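Containing mmCIF, C-alpha atoms and all ligand atoms: target-v4.cif.
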data_entry
#
loop_
_atom_site.label_atom_id
_atom_site.label_comp_id
_atom_site.auth_asym_id
_atom_site.auth_seq_id
_atom_site.Cartn_x
_atom_site.Cartn_y
_atom_site.Cartn_z
CA MET A 25 13.84 -4.18 1.00
CA GLU A 26 14.28 -0.44 1.18
CA VAL A 27 13.06 0.96 4.47
CA ALA A 28 12.74 4.48 3.05
CA LYS A 29 10.46 3.35 0.21
CA VAL A 30 8.17 1.37 2.49
CA SER A 31 8.08 4.28 4.89
CA GLU A 32 7.17 6.72 2.13
CA PHE A 33 4.38 4.45 0.90
CA ILE A 34 2.94 4.13 4.41
CA ASN A 35 3.16 7.89 4.94
CA GLU A 36 1.92 9.15 1.62
CA LYS A 37 -0.54 6.51 0.46
CA CYS A 38 -1.66 4.16 3.24
CA TYR A 39 -2.17 6.73 5.95
CA HIS A 40 -3.92 9.12 3.58
CA PHE A 41 -6.33 6.41 2.47
CA ALA A 42 -6.89 5.11 6.01
CA ASN A 43 -7.51 8.58 7.40
CA PHE A 44 -9.99 9.39 4.67
CA LEU A 45 -11.78 6.13 5.47
CA VAL A 46 -12.13 6.51 9.22
CA ASP A 47 -11.59 10.25 9.69
CA ASP A 48 -9.47 9.73 12.79
CA ASP A 49 -5.71 10.24 12.69
CA LEU A 50 -4.85 7.88 15.54
CA GLN A 51 -6.94 5.03 14.17
CA ALA A 52 -5.61 5.71 10.69
CA SER A 53 -1.97 5.45 11.76
CA GLN A 54 -2.78 2.25 13.63
CA LEU A 55 -4.46 0.78 10.55
CA ALA A 56 -1.52 1.60 8.30
CA LEU A 57 1.05 0.22 10.74
CA ASP A 58 -0.94 -2.91 11.57
CA VAL A 59 -1.34 -3.78 7.92
CA MET A 60 2.37 -3.33 7.34
CA GLN A 61 3.03 -5.60 10.31
CA SER A 62 0.74 -8.24 8.85
CA PHE A 63 2.86 -8.27 5.70
CA LEU A 64 6.01 -8.45 7.78
CA ALA A 65 4.65 -11.49 9.60
CA GLU A 66 3.26 -13.32 6.58
CA ALA A 67 5.33 -12.37 3.56
CA PRO A 68 8.15 -10.01 4.50
CA GLU A 69 10.00 -10.50 1.23
CA SER A 70 6.99 -9.05 -0.61
CA LEU A 71 7.78 -5.64 0.91
CA SER A 72 10.70 -5.32 -1.49
CA LYS A 73 8.07 -5.08 -4.25
CA ILE A 74 6.37 -2.11 -2.62
CA GLU A 75 6.31 -0.19 -5.88
CA THR A 76 4.25 -2.72 -7.77
CA ASP A 77 0.54 -2.06 -8.21
CA ALA A 78 -0.36 -5.58 -7.13
CA LEU A 79 1.20 -5.15 -3.70
CA ARG A 80 -0.21 -1.66 -3.29
CA PHE A 81 -3.73 -2.90 -4.08
CA GLU A 82 -3.25 -5.63 -1.47
CA PHE A 83 -2.29 -3.00 1.11
CA PHE A 84 -5.40 -0.95 0.37
CA LYS A 85 -7.53 -4.06 0.50
CA ARG A 86 -6.24 -5.00 3.93
CA ILE A 87 -6.61 -1.47 5.25
CA TYR A 88 -10.22 -1.41 4.07
CA LYS A 89 -10.94 -4.85 5.55
CA LEU A 90 -9.35 -4.02 8.87
CA ALA A 91 -11.21 -0.72 9.04
CA SER A 92 -14.48 -2.57 8.41
CA VAL A 93 -13.71 -5.06 11.17
CA ARG A 94 -12.72 -2.34 13.61
CA ARG A 95 -15.42 0.13 12.83
CA ASN A 96 -17.53 -1.09 15.73
CA HIS A 97 -14.76 -0.11 18.11
CA PHE A 98 -14.25 3.29 16.58
CA LYS A 99 -15.40 6.27 18.52
CA VAL A 100 -15.97 7.93 15.17
CA ASP A 101 -19.16 8.56 13.27
CA GLN A 102 -20.94 5.24 12.70
CA HIS A 103 -22.70 6.76 9.71
CA LEU A 104 -19.47 6.89 7.74
CA ASP A 105 -20.05 4.93 4.55
CA LEU A 106 -16.81 2.94 4.53
CA SER A 107 -17.29 1.17 1.22
CA GLY A 108 -18.43 4.40 -0.43
CA ARG A 109 -15.48 6.33 0.90
CA ALA A 110 -13.09 3.55 -0.13
CA ALA A 111 -14.61 3.41 -3.61
CA PHE A 112 -14.44 7.18 -3.96
CA PHE A 113 -10.88 7.54 -2.72
CA LEU A 114 -9.39 4.68 -4.72
CA THR A 115 -11.19 5.59 -7.93
CA TYR A 116 -11.17 9.36 -7.82
CA VAL A 117 -7.99 10.16 -5.91
CA TYR A 118 -5.72 7.20 -6.72
CA GLN A 119 -7.26 6.60 -10.14
CA MET A 120 -7.26 2.86 -9.63
CA PRO A 121 -8.96 0.71 -12.28
CA LEU A 122 -12.61 0.06 -11.46
CA LEU A 123 -12.04 -3.66 -11.62
CA GLU A 124 -9.49 -3.49 -8.79
CA VAL A 125 -11.65 -1.22 -6.68
CA ALA A 126 -14.52 -3.64 -7.23
CA LYS A 127 -12.39 -6.47 -5.83
CA ILE A 128 -11.32 -4.44 -2.80
CA THR A 129 -14.77 -3.21 -1.82
CA ALA A 130 -16.64 -6.32 -2.98
CA SER A 131 -19.00 -4.34 -5.18
CA THR A 132 -19.81 -4.20 -8.88
CA GLU A 133 -18.35 -1.53 -11.14
CA GLU A 134 -21.77 0.14 -11.45
CA GLN A 135 -22.12 0.26 -7.68
CA ILE A 136 -18.70 1.88 -7.43
CA LEU A 137 -19.55 4.60 -9.92
CA ALA A 138 -22.75 5.30 -8.03
CA LYS A 139 -20.81 5.45 -4.76
CA VAL A 140 -18.21 7.79 -6.23
CA VAL A 141 -20.91 10.21 -7.32
CA SER A 142 -22.78 9.96 -4.01
CA VAL A 143 -19.67 10.52 -1.84
CA ARG A 144 -18.60 13.33 -4.14
CA ASN A 145 -21.99 15.00 -3.80
CA SER A 146 -22.07 14.57 -0.04
CA ILE A 147 -18.63 16.20 0.26
CA LEU A 148 -19.82 19.08 -1.89
CA SER A 149 -23.02 19.63 0.06
CA GLU A 150 -21.08 19.39 3.34
CA GLN A 151 -18.62 21.97 2.07
CA SER A 152 -21.26 24.37 0.82
CA LYS A 153 -22.93 24.18 4.25
CA GLU A 154 -19.61 24.95 5.92
CA ARG A 155 -18.94 27.82 3.60
CA GLY A 156 -22.43 29.12 4.17
CA LEU A 157 -23.39 28.95 0.53
CA MET I 25 -30.00 20.03 -14.58
CA GLU I 26 -31.35 19.45 -18.06
CA ASN I 27 -28.85 18.47 -20.73
CA HIS I 28 -28.54 21.04 -23.47
CA CYS I 29 -25.76 19.42 -25.43
CA VAL I 30 -25.08 15.73 -26.04
CA HIS I 31 -21.48 16.14 -24.85
CA GLU I 32 -22.31 17.48 -21.41
CA ARG I 33 -22.82 13.99 -20.09
CA THR I 34 -19.44 12.78 -21.36
CA ILE I 35 -17.70 15.77 -19.84
CA GLY I 36 -19.50 15.13 -16.58
CA SER I 37 -18.66 11.44 -16.36
CA ASN I 38 -15.01 12.06 -17.28
CA LEU I 39 -14.50 14.76 -14.72
CA LEU I 40 -16.40 12.89 -12.03
CA LYS I 41 -13.84 10.13 -12.38
CA ASN I 42 -11.15 12.78 -12.26
CA SER I 43 -9.91 11.59 -15.65
CA ASN I 44 -8.69 13.77 -18.47
CA LEU I 45 -10.74 14.92 -21.41
CA SER I 46 -9.88 13.99 -24.97
CA ASP I 47 -8.44 16.68 -27.24
CA SER I 48 -11.53 16.72 -29.45
CA LEU I 49 -13.76 17.29 -26.43
CA ARG I 50 -11.53 20.14 -25.30
CA VAL I 51 -11.91 21.81 -28.67
CA HIS I 52 -15.67 21.32 -28.47
CA ILE I 53 -15.85 22.87 -24.99
CA SER I 54 -14.24 26.07 -26.21
CA ASP I 55 -16.99 26.35 -28.88
CA CYS I 56 -20.05 25.29 -26.85
CA VAL I 57 -21.58 27.52 -24.17
CA HIS I 58 -23.43 24.69 -22.44
CA CYS I 59 -20.38 22.45 -22.21
CA GLN I 60 -18.23 25.37 -21.13
CA LYS I 61 -20.66 26.02 -18.27
CA LYS I 62 -20.71 22.36 -17.26
CA TYR I 63 -16.94 22.14 -17.46
CA ASP I 64 -16.42 25.22 -15.28
CA LEU I 65 -18.90 23.97 -12.71
CA ILE I 66 -17.27 20.54 -12.39
CA CYS I 67 -13.77 22.03 -12.29
CA HIS I 68 -14.88 24.30 -9.47
CA GLU I 69 -16.38 21.33 -7.62
CA ASN I 70 -13.25 19.28 -8.19
CA SER I 71 -11.12 21.98 -6.61
CA ILE I 72 -13.35 21.86 -3.51
CA ILE I 73 -13.07 18.07 -3.41
CA LYS I 74 -9.30 18.24 -3.80
CA GLU I 75 -9.03 20.60 -0.86
CA GLU I 76 -11.18 18.29 1.25
CA VAL I 77 -9.13 15.23 0.31
CA GLU I 78 -5.86 16.99 1.13
CA ARG I 79 -7.13 17.54 4.65
CA TYR I 80 -6.61 13.83 5.36
CA ARG I 81 -2.89 13.76 4.61
CA ALA I 82 -0.43 13.05 7.39
CA SER I 83 0.76 16.10 9.33
CA ILE I 84 4.50 16.59 9.82
CA ASP I 85 4.25 15.15 13.32
CA MET I 86 2.30 12.16 12.05
CA LYS I 87 4.85 11.59 9.30
CA ASP I 88 7.65 11.60 11.86
CA HIS I 89 5.75 9.12 14.01
CA LEU I 90 5.00 6.79 11.10
CA THR I 91 8.54 6.95 9.74
CA ARG I 92 9.93 6.09 13.17
CA GLU I 93 7.56 3.17 13.64
CA VAL I 94 8.12 1.75 10.16
CA SER I 95 11.91 2.02 10.48
CA LEU I 96 11.85 0.41 13.90
CA GLN I 97 9.78 -2.56 12.73
CA LEU I 98 11.62 -3.10 9.47
CA GLU I 99 15.09 -2.67 10.92
CA SER I 100 14.47 -5.17 13.69
CA TYR I 101 13.19 -7.61 11.06
CA LEU I 102 16.26 -7.05 8.87
CA GLU I 103 18.59 -7.54 11.85
CA GLU I 104 16.87 -10.83 12.58
CA VAL I 105 17.30 -11.94 8.97
CA GLU I 106 20.99 -11.08 9.11
CA LYS I 107 21.46 -13.05 12.32
CA VAL I 108 19.81 -16.12 10.82
CA ALA I 109 21.92 -15.80 7.67
CA LYS I 110 25.14 -15.64 9.74
CA PHE I 111 24.10 -18.65 11.80
CA LYS I 112 23.28 -20.66 8.69
CA LYS I 113 26.60 -19.76 7.08
CA ARG I 114 28.54 -20.92 10.11
CA TYR I 115 26.83 -24.29 10.29
CA SER I 116 26.05 -24.86 6.68
CA PHE I 117 26.90 -28.00 4.70
CA GLY I 118 29.29 -25.91 2.63
CA SER I 119 31.59 -25.24 5.53
CA LEU I 120 31.36 -28.89 6.67
CA LYS I 121 32.61 -29.96 3.24
CA GLU I 122 35.44 -27.44 3.46
CA ASN I 123 36.46 -28.88 6.83
CA ILE I 124 36.62 -32.42 5.45
CA VAL I 125 38.68 -31.31 2.47
CA SER I 126 41.14 -29.43 4.68
CA PHE I 127 41.37 -32.49 6.96
CA GLY I 128 42.05 -34.65 3.88
CA LYS I 129 44.72 -32.27 2.69
CA GLY I 130 46.50 -32.67 6.03
CA LEU I 131 46.82 -36.41 5.33
CA THR I 132 48.91 -36.05 2.20
CA ASP I 133 52.23 -35.48 3.99
CA PRO I 134 54.51 -38.63 4.27
CA ILE I 135 54.23 -39.04 8.04
CA SER I 136 50.42 -39.00 8.06
CA LEU I 137 50.38 -41.43 5.16
CA PHE I 138 52.78 -43.77 7.02
CA ILE I 139 50.60 -43.66 10.16
CA LEU I 140 47.51 -44.39 8.08
CA PHE I 141 49.38 -47.30 6.43
CA VAL I 142 50.36 -48.75 9.81
CA ILE I 143 46.76 -48.51 11.11
CA ALA I 144 45.39 -50.12 7.98
CA ALA I 145 47.99 -52.92 8.16
CA PHE I 146 47.17 -53.49 11.83
CA TYR I 147 43.49 -53.95 11.03
CA LEU I 148 44.25 -56.22 8.07
CA ILE I 149 46.43 -58.47 10.25
CA GLN I 150 43.67 -58.69 12.87
CA ILE I 151 41.27 -60.00 10.21
ZN ZN S 201 -21.49 21.04 -25.99
#
Do you think you could lay out the structure here as structure tokens?
Ligand SMILES: [Zn+2]
Amino acid sequence: MEVAKVSEFINEKCYHFANFLVDDDLQASQLALDVMQSFLAEAPESLSKIETDALRFEFFKRIYKLASVRRNHFKVDQHLDLSGRAAFFLTYVYQMPLLEVAKITASTEEQILAKVVSVRNSILSEQSKERGL
Amino acid sequence: MENHCVHERTIGSNLLKNSNLSDSLRVHISDCVHCQKKYDLICHENSIIKEEVERYRASIDMKDHLTREVSLQLESYLEEVEKVAKFKKRYSFGSLKENIVSFGKGLTDPISLFILFVIAAFYLIQI
């Protein structure tokens, strides 16, 4: 297992995804670290395969699940559409196959596409409000 | 917005998924005003989205914190694994076998063999 590679994955991918999901940097870092710890406790040898898609998908899945479980304890906006934001981020930003995103968010591929468009539009309308357009 | 060209939809759905356009579609865009307009609009929107998404990346301080935490957890795990491996090596069956062999080798000198012979004879006489 290469500590530097795991660390880079947590920094660049997991935290980014988690923070987009919950929009709270402290909660996001906790989500990323807790999920890594769960792998360390259950299947530490799997961390040596951190560069495989299968393991990465599993990380994102756990982050999403944990965020859903914890959302009631978050002090953040309860209106955040977690599954929509997950679907948008994984599809649009990480370019994950729809089939995988469907498994992670427990939705159909059509639902995901609809979510991607809706989250995309809500970001755009939010931004145009902020920019006073 | 009303579609003016049959390709506008394809361009839209490709760019909404952030995926690349085919070469033939690119050529078409340069010739079609409607598609050009659609393409420019979505590219502009995508740049706004990209900026928004970047906002969620870890700050330098956060990266330091995460790197520290990950290293701490992984290194303590790796140390533990090393300890267990050392322990196993010391008490493994392999080293037990080595000990027996080295004990056996010590018995091949004439004096040890003589002592063994005497003990064996003693027991045989007793029977
Ligand atoms: Zn056209």
12 Å contacts from chain I to chain A using all atoms listed in the file, as number ranges by chain: I: 36-44, 65-66, 68-102, 104-105
Test item: residues no farther than 10 Å from ligand ZN 201 (chain S), counting all atoms listed in the file, as a PyMOL selection string: chain I and resi 27-35+49+51-63
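You will find atom CA of Lys112 of chain I at 20.4 Å from atom CA of Ala67 of chain A.
Relative to atom CA of Leu148 of chain I, atom CA of Ser136 of chain I is found at 18.3 Å.
Using only C-alpha atoms, the nearest neighbour of Val59 of chain A within the list A:Thr129, A:Ile87, A:Arg95, A:Lys73 is A:Ile87.
Shortest separation to Asp105 of chain A among A:Arg80, A:Arg155, A:Ser146, A:Ser62 occurs at residue A:Ser146, atoms counted being all atoms listed in the file.
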Polymer residues at most 10 Å from segment 75-78 of chain A, all atoms listed in the file, same-chain spacing of 3 or more positions, as an MDAnalysis selection string: chainID A and resid 29:30 33 70:72 81:83 120 124
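What separates atom CA of Glu133 of chain A from atom CA of Phe63 of chain A is a distance of 27.9 Å.
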